[in-house]
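Source file: upload_1.csv (CSV, N, CA and C atoms)
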```csv
chain,number,residue,atom,x,y,z
A,88,MET,N,0.8,-1.2,0.0
A,88,MET,CA,0.0,0.0,0.0
A,88,MET,C,0.9,1.3,0.0
A,89,GLU,N,2.0,1.2,0.7
A,89,GLU,CA,2.9,2.4,0.8
A,89,GLU,C,3.5,2.6,-0.6
A,90,LEU,N,3.8,1.6,-1.3
A,90,LEU,CA,4.4,1.8,-2.6
A,90,LEU,C,3.4,2.5,-3.6
A,91,GLN,N,2.2,2.1,-3.4
A,91,GLN,CA,1.1,2.7,-4.3
A,91,GLN,C,1.0,4.2,-4.0
A,92,HIS,N,1.1,4.6,-2.7
A,92,HIS,CA,1.1,6.0,-2.4
A,92,HIS,C,2.3,6.8,-3.0
A,93,GLY,N,3.4,6.1,-2.9
A,93,GLY,CA,4.6,6.7,-3.5
A,93,GLY,C,4.5,6.9,-5.0
A,94,ILE,N,4.0,5.9,-5.7
A,94,ILE,CA,3.8,6.0,-7.1
A,94,ILE,C,2.8,7.2,-7.4
A,95,ILE,N,1.7,7.3,-6.7
A,95,ILE,CA,0.7,8.3,-6.9
A,95,ILE,C,1.4,9.7,-6.7
A,96,ILE,N,2.2,9.8,-5.7
A,96,ILE,CA,2.9,11.1,-5.4
A,96,ILE,C,3.8,11.4,-6.6
A,97,LEU,N,4.6,10.4,-7.1
A,97,LEU,CA,5.5,10.7,-8.2
A,97,LEU,C,4.8,11.0,-9.5
A,98,MET,N,3.6,10.4,-9.7
A,98,MET,CA,2.8,10.7,-10.9
A,98,MET,C,2.3,12.1,-10.8
A,99,GLY,N,1.8,12.5,-9.6
A,99,GLY,CA,1.3,13.8,-9.4
A,99,GLY,C,2.4,14.9,-9.6
A,100,LEU,N,3.6,14.6,-9.2
A,100,LEU,CA,4.7,15.5,-9.4
A,100,LEU,C,5.1,15.6,-10.9
A,101,ALA,N,5.0,14.4,-11.6
A,101,ALA,CA,5.3,14.4,-13.0
A,101,ALA,C,4.2,15.2,-13.8
A,102,MET,N,3.0,15.1,-13.3
A,102,MET,CA,1.9,15.9,-13.9
A,102,MET,C,2.1,17.4,-13.7
A,103,ILE,N,2.6,17.8,-12.6
A,103,ILE,CA,2.9,19.2,-12.3
A,103,ILE,C,4.0,19.7,-13.2
A,104,LEU,N,5.1,18.9,-13.3
A,104,LEU,CA,6.2,19.3,-14.2
A,104,LEU,C,5.8,19.3,-15.6
A,105,SER,N,5.0,18.4,-16.1
A,105,SER,CA,4.5,18.4,-17.4
A,105,SER,C,3.6,19.6,-17.7
A,106,ALA,N,2.8,20.0,-16.8
A,106,ALA,CA,2.0,21.2,-17.0
A,106,ALA,C,2.8,22.4,-17.0
A,107,ILE,N,3.8,22.5,-16.2
A,107,ILE,CA,4.7,23.7,-16.3
A,107,ILE,C,5.5,23.7,-17.6
A,108,LEU,N,5.9,22.5,-18.1
A,108,LEU,CA,6.5,22.4,-19.4
A,108,LEU,C,5.6,22.9,-20.5
A,109,ALA,N,4.3,22.5,-20.4
A,109,ALA,CA,3.4,22.9,-21.4
A,109,ALA,C,3.2,24.5,-21.5
A,110,MET,N,3.4,25.1,-20.3
A,110,MET,CA,3.3,26.6,-20.3
A,110,MET,C,4.6,27.3,-20.8
A,111,VAL,N,5.7,26.7,-20.5
A,111,VAL,CA,7.0,27.3,-20.7
A,111,VAL,C,7.5,27.1,-22.2
A,112,VAL,N,7.2,26.0,-22.8
A,112,VAL,CA,7.8,25.6,-24.1
A,112,VAL,C,7.2,26.6,-25.1
A,113,LYS,N,8.0,27.0,-26.1
A,113,LYS,CA,7.5,27.9,-27.1
A,113,LYS,C,6.9,27.2,-28.3
A,114,ASP,N,7.3,25.9,-28.5
A,114,ASP,CA,6.7,25.1,-29.6
A,114,ASP,C,5.3,24.6,-29.2
A,115,LEU,N,4.3,24.9,-30.1
A,115,LEU,CA,3.0,24.6,-29.7
A,115,LEU,C,2.7,23.1,-29.7
A,116,ILE,N,3.4,22.4,-30.6
A,116,ILE,CA,3.2,20.9,-30.7
A,116,ILE,C,3.7,20.3,-29.4
A,117,SER,N,4.8,20.7,-28.9
A,117,SER,CA,5.4,20.2,-27.7
A,117,SER,C,4.5,20.5,-26.5
A,118,SER,N,3.8,21.7,-26.5
A,118,SER,CA,2.9,22.0,-25.5
A,118,SER,C,1.7,21.1,-25.5
A,119,VAL,N,1.2,20.8,-26.7
A,119,VAL,CA,0.0,19.9,-26.8
A,119,VAL,C,0.4,18.5,-26.3
A,120,VAL,N,1.6,18.0,-26.7
A,120,VAL,CA,2.0,16.7,-26.2
A,120,VAL,C,2.1,16.7,-24.7
A,121,ALA,N,2.7,17.8,-24.1
A,121,ALA,CA,2.8,17.9,-22.6
A,121,ALA,C,1.5,17.8,-22.0
A,122,VAL,N,0.5,18.5,-22.5
A,122,VAL,CA,-0.9,18.5,-21.9
A,122,VAL,C,-1.5,17.1,-22.1
A,123,GLY,N,-1.2,16.4,-23.2
A,123,GLY,CA,-1.6,15.0,-23.3
A,123,GLY,C,-1.0,14.1,-22.3
A,124,VAL,N,0.3,14.3,-22.0
A,124,VAL,CA,1.0,13.5,-20.9
A,124,VAL,C,0.3,13.8,-19.6
A,125,VAL,N,-0.1,15.0,-19.3
A,125,VAL,CA,-0.7,15.3,-18.0
A,125,VAL,C,-2.0,14.5,-17.9
A,126,SER,N,-2.8,14.4,-19.0
A,126,SER,CA,-4.0,13.7,-19.0
A,126,SER,C,-3.7,12.2,-18.9
A,127,LEU,N,-2.7,11.7,-19.5
A,127,LEU,CA,-2.3,10.3,-19.4
A,127,LEU,C,-1.9,9.9,-18.0
A,128,PHE,N,-1.1,10.7,-17.4
A,128,PHE,CA,-0.7,10.5,-16.0
A,128,PHE,C,-2.0,10.5,-15.1
A,129,ALA,N,-2.9,11.4,-15.3
A,129,ALA,CA,-4.1,11.4,-14.5
A,129,ALA,C,-4.9,10.1,-14.7
A,130,SER,N,-5.0,9.6,-15.9
A,130,SER,CA,-5.7,8.3,-16.0
A,130,SER,C,-5.0,7.2,-15.3
A,131,ILE,N,-3.7,7.2,-15.3
A,131,ILE,CA,-3.0,6.2,-14.5
A,131,ILE,C,-3.2,6.3,-13.0
A,132,ILE,N,-3.3,7.5,-12.5
A,132,ILE,CA,-3.6,7.8,-11.1
A,132,ILE,C,-5.0,7.3,-10.8
A,133,TYR,N,-5.9,7.5,-11.7
A,133,TYR,CA,-7.3,7.0,-11.5
A,133,TYR,C,-7.3,5.5,-11.4
A,134,LEU,N,-6.5,4.9,-12.2
A,134,LEU,CA,-6.5,3.4,-12.2
A,134,LEU,C,-5.9,2.9,-10.9
A,135,LEU,N,-4.9,3.6,-10.4
A,135,LEU,CA,-4.3,3.2,-9.1
A,135,LEU,C,-5.2,3.4,-8.0
A,136,LEU,N,-6.1,4.4,-8.1
A,136,LEU,CA,-7.1,4.7,-7.1
A,136,LEU,C,-8.4,3.8,-7.2
A,137,GLN,N,-8.3,2.8,-8.0
A,137,GLN,CA,-9.4,1.8,-8.1
A,137,GLN,C,-10.6,2.4,-8.8
A,138,ALA,N,-10.4,3.3,-9.8
A,138,ALA,CA,-11.5,3.9,-10.6
A,138,ALA,C,-11.3,3.6,-12.1
A,139,PRO,N,-11.4,2.4,-12.5
A,139,PRO,CA,-11.0,2.0,-13.9
A,139,PRO,C,-11.9,2.7,-14.9
A,140,ASP,N,-13.2,2.9,-14.6
A,140,ASP,CA,-14.1,3.6,-15.5
A,140,ASP,C,-13.7,5.0,-15.8
A,141,VAL,N,-13.3,5.7,-14.7
A,141,VAL,CA,-12.9,7.1,-14.9
A,141,VAL,C,-11.5,7.1,-15.6
A,142,ALA,N,-10.6,6.2,-15.3
A,142,ALA,CA,-9.3,6.1,-15.9
A,142,ALA,C,-9.5,5.9,-17.4
A,143,MET,N,-10.4,5.0,-17.8
A,143,MET,CA,-10.6,4.7,-19.2
A,143,MET,C,-11.2,5.9,-20.0
A,144,THR,N,-12.1,6.6,-19.3
A,144,THR,CA,-12.7,7.8,-19.9
A,144,THR,C,-11.6,8.9,-20.1
A,145,GLU,N,-10.8,9.1,-19.1
A,145,GLU,CA,-9.8,10.1,-19.1
A,145,GLU,C,-8.7,9.8,-20.2
A,146,ALA,N,-8.4,8.5,-20.3
A,146,ALA,CA,-7.4,8.1,-21.3
A,146,ALA,C,-8.0,8.3,-22.7
A,147,ALA,N,-9.2,7.9,-22.9
A,147,ALA,CA,-9.8,8.0,-24.3
A,147,ALA,C,-10.1,9.5,-24.7
A,148,ILE,N,-10.8,10.2,-23.8
A,148,ILE,CA,-11.2,11.5,-24.1
A,148,ILE,C,-10.1,12.6,-23.8
A,149,GLY,N,-9.5,12.5,-22.6
A,149,GLY,CA,-8.6,13.5,-22.2
A,149,GLY,C,-7.2,13.4,-22.9
A,150,ALA,N,-6.6,12.2,-22.9
A,150,ALA,CA,-5.3,12.0,-23.5
A,150,ALA,C,-5.4,11.8,-25.0
A,151,GLY,N,-6.4,11.1,-25.4
A,151,GLY,CA,-6.5,10.7,-26.8
A,151,GLY,C,-7.2,11.7,-27.7
A,152,LEU,N,-8.5,11.9,-27.5
A,152,LEU,CA,-9.3,12.7,-28.4
A,152,LEU,C,-8.9,14.2,-28.3
A,153,SER,N,-8.7,14.7,-27.1
A,153,SER,CA,-8.4,16.1,-26.9
A,153,SER,C,-7.0,16.5,-27.6
A,154,THR,N,-6.1,15.6,-27.4
A,154,THR,CA,-4.8,15.8,-28.1
A,154,THR,C,-4.9,15.8,-29.6
A,155,LEU,N,-5.7,14.9,-30.1
A,155,LEU,CA,-5.9,14.9,-31.6
A,155,LEU,C,-6.6,16.1,-32.1
A,156,ILE,N,-7.6,16.6,-31.3
A,156,ILE,CA,-8.3,17.8,-31.7
A,156,ILE,C,-7.3,19.0,-31.7
A,157,PHE,N,-6.5,19.1,-30.7
A,157,PHE,CA,-5.6,20.2,-30.6
A,157,PHE,C,-4.6,20.2,-31.8
A,158,LEU,N,-4.0,19.0,-32.1
A,158,LEU,CA,-3.1,18.8,-33.1
A,158,LEU,C,-3.7,19.1,-34.5
A,159,TYR,N,-5.0,18.7,-34.7
A,159,TYR,CA,-5.7,19.0,-35.9
A,159,TYR,C,-5.9,20.6,-36.0
A,160,ALA,N,-6.3,21.2,-34.9
A,160,ALA,CA,-6.4,22.7,-35.0
A,160,ALA,C,-5.1,23.4,-35.3
A,161,LEU,N,-4.0,22.9,-34.7
A,161,LEU,CA,-2.7,23.5,-35.1
A,161,LEU,C,-2.4,23.3,-36.5
A,162,HIS,N,-2.7,22.1,-37.1
A,162,HIS,CA,-2.4,21.9,-38.5
A,162,HIS,C,-3.3,22.8,-39.4
A,163,LYS,N,-4.5,22.9,-39.1
A,163,LYS,CA,-5.4,23.8,-39.8
A,163,LYS,C,-5.0,25.3,-39.7
A,164,THR,N,-4.5,25.7,-38.6
A,164,THR,CA,-4.1,27.1,-38.4
A,164,THR,C,-2.8,27.3,-39.2
A,165,LYS,N,-1.9,26.4,-39.2
A,165,LYS,CA,-0.7,26.6,-40.0
A,165,LYS,C,-1.1,26.6,-41.5
A,166,ASP,N,-2.0,25.8,-42.0
A,166,ASP,CA,-2.5,25.8,-43.4
A,166,ASP,C,-3.1,27.2,-43.7
A,167,ALA,N,-3.9,27.7,-42.8
A,167,ALA,CA,-4.5,29.0,-43.1
A,167,ALA,C,-3.4,30.1,-43.1
A,168,GLU,N,-2.4,30.0,-42.3
A,168,GLU,CA,-1.3,31.0,-42.3
A,168,GLU,C,-0.6,31.0,-43.6
A,169,GLU,N,-0.3,29.8,-44.1
A,169,GLU,CA,0.4,29.6,-45.3
A,169,GLU,C,-0.4,30.2,-46.5
A,170,GLU,N,-1.7,30.0,-46.5
A,170,GLU,CA,-2.5,30.6,-47.6
A,170,GLU,C,-2.5,32.1,-47.6
A,171,ASN,N,-2.4,32.7,-46.4
A,171,ASN,CA,-2.5,34.2,-46.3
A,171,ASN,C,-1.1,34.8,-46.7
A,172,ASP,N,-0.1,34.0,-46.7
A,172,ASP,CA,1.3,34.6,-47.0
A,172,ASP,C,1.5,34.6,-48.5
```

Just dump the structure as structure tokens.
Amino acid sequence: MELQHGIIILMGLAMILSAILAMVVKDLISSVVAVGVVSLFASIIYLLLQAPDVAMTEAAIGAGLSTLIFLYALHKTKDAEEEND
């Protein structure tokens, strides 16, 4: 049980570091990936806390779908910028 608490604390710290990285990095794609990592770590924490349904939803929607939508929006924005130049 003590090991599980340690893993949860480490994952929480990794989430905080990844969130800070998402704010500090200048490259937008790296920021989107960092936000996806935060969501992925959150889903692992939910799994460790015995909430598999919440973990699965967070992984599918938070880490998966949201990251894809952000990347698609960045791609479309870059295409629109190239058309205007």

(request) Compare A:Ala129, A:Met110, A:Leu115, A:Leu97 by their minimum atom-to-atom distance to Leu161 of chain A, counting only C-alpha atoms, and give me the closest one. (result) A:Leu115

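Minimum distance to Gly99 of chain A across A:Val112, A:Ile132, A:Val120, A:Pro139 (counting only C-alpha atoms) occurs at A:Ile132.
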
(request) Check the smallest atom-to-atom distance from each of A:Ser130, A:Lys163, A:Ile156, A:Asp114 to Thr144 of chain A using all atoms listed in the file, then report the winner. (result)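 Counting all atoms listed in the file, the residue closest to Thr144 of chain A is A:Ser130.
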
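Counting from atom C of Gly123 of chain A, the distance to atom C of Gly149 of chain A is 6.3 Å.
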
(message) Would you pick out the contacts of Met143 of chain A at 8 Å or less, using all atoms listed in the file, so that residues sharing its chain but fewer than 3 positions from it are not included, and give the list as JSON, numbers by chain?
(response) {"A": [130, 131, 133, 134, 138, 139, 140, 146, 147, 148, 149]}
